[in-house]
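Right, one structure below, let's go through it.
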Amino acid sequence: MKGEGPGASSVAYGASEEIGPFRINSTGSSLYLNEYSWNREANLLFLESPAGVGFSYTNASSNLKDSGDKRTAEDALVFLIRWMSRFPQYKHREFYIVGESYAGHYVPQLAKKIVEYNKALLQPIFNLKGFMVGNALIDECYDFIGKIIYWWSHSMISDASYRSILKKCNFKEVHKSQECNAAVRYVEAHEHGNRNEHSIYTPLCMELLNNTIRSPRLKNTLLHRRVSGYDPCTIHYAKKYYNLPEVQKTMHADVNGILHYWTDFSADVNSNWTDSEISLLPTYKKLIAAGQRIWVFRQELLNSMDDNLYN
């Protein structure tokens, strides 16, 4: 399982909030079983990638300044080769790669590396069957225009702003014009309002809202929504939990005997990303031709593909 990004932790999101075996209690001090975990059906391996994300690290700090699509795929392949060598019982087993958001790049790029690696071996060790990506960034042009249509169709921007963006933006351009960027930034600042990007009809985290909402009735309404569905505060619980000394020791994250401040997102990795393919559609087509099974899906209420859509 590869996470969001570039720079987001798969342990923070995939493992702790979504499909992992455990969830973190609201105190940030303990775990409870996730009844919807995918490990009920399959073995799960969560990869913190690239180096510098989550608890992952590099021996050369300069590597944090030049991460990109190409090296991330290469490093992930090396990791899997070494992992299979250490746990040979998993060689030749059927497996799938899964990810979300920027993993629309990570996952097919790694799958391509694996397919190419297998071709060079008489007895391939990887029995890759396919991959799945959710809410994935795949093609800058289609992702961008899809985002604008999503905003408009979910009443997040006005009709006038929608028409303005369509008029001012050339969606085929990699680097959008200043006029286009200004139109998009305007609706983000003045029309979006405070929304939960992972679930647009879910309130923001109550820990933040408590300081801004004075109405007890409204607070109770928001609290009920949190208890009965998606909890927008889960990442705050993760930050507490993964920074506990005993947790880091148990996870062997303190290999040097030094406690690390864990975060769910590496700004250094994200801001220093060196290469990003404009479109992964050719790669998807090649992998389909190679016999890979591919499932691409979108979540109706998710609005968190803002990064890397325009610049």
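By convention here, the chains of the structure tokens are called A, B, ... in the order presented, each chain's residues are numbered starting at 1, and ligands are numbered starting at 1 in the order presented.
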- prompt: Could you pull the residues within 7 Å of segment 132-141 of chain A, counting only C-alpha atoms, minus those fewer than 3 positions along the same chain, as a VMD selection string?
  reply: chain A and resid 97 to 105 144 to 145 171 to 172 278 to 281 294 to 299 309
message: For the structure I just gave you, how does DSSP split segment 20-191 of chain A - specifically, which residues are strand (DSSP E or B)? Reply as a PyMOL selection string.
response: chain A and resi 22-24+31-33+47+94-100+127-134+139
Take the residues from that selection and put them in a file with C-alpha atoms, as a CSV table (one decimal), in the first residue's frame.
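The file below, again.csv, is the result:
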chain,number,residue,atom,x,y,z
A,22,PHE,CA,-6.0,-1.1,13.8
A,23,ARG,CA,-7.4,2.3,14.4
A,24,ILE,CA,-6.1,4.8,17.0
A,31,LEU,CA,-5.4,1.0,19.4
A,32,TYR,CA,-8.6,-0.8,18.7
A,33,LEU,CA,-9.4,-3.4,16.0
A,47,LEU,CA,5.5,1.3,2.4
A,94,GLU,CA,0.0,-13.3,-6.2
A,95,PHE,CA,0.1,-9.7,-5.1
A,96,TYR,CA,-1.4,-6.3,-6.0
A,97,ILE,CA,-0.2,-2.8,-5.4
A,98,VAL,CA,-2.7,-0.3,-4.0
A,99,GLY,CA,-2.6,3.4,-3.4
A,100,GLU,CA,-4.4,6.7,-3.4
A,127,ASN,CA,3.8,-12.5,-9.3
A,128,LEU,CA,2.2,-9.1,-9.8
A,129,LYS,CA,-1.4,-9.4,-10.9
A,130,GLY,CA,-2.4,-5.8,-11.0
A,131,PHE,CA,-3.0,-2.7,-9.1
A,132,MET,CA,-5.7,-0.4,-7.7
A,133,VAL,CA,-5.7,3.4,-7.3
A,134,GLY,CA,-8.3,5.6,-5.7
A,139,ASP,CA,-3.1,13.1,-16.1
message: If we count only C-alpha atoms and set the cut-off at 12 Å, which residues sit around His154 of chain A, ignoring sequence neighbours fewer than 2 positions away in its own chain? Please answer as a ChimeraX atom specification.
response: /A:147-152,156-159,162,192,200-201,300-303
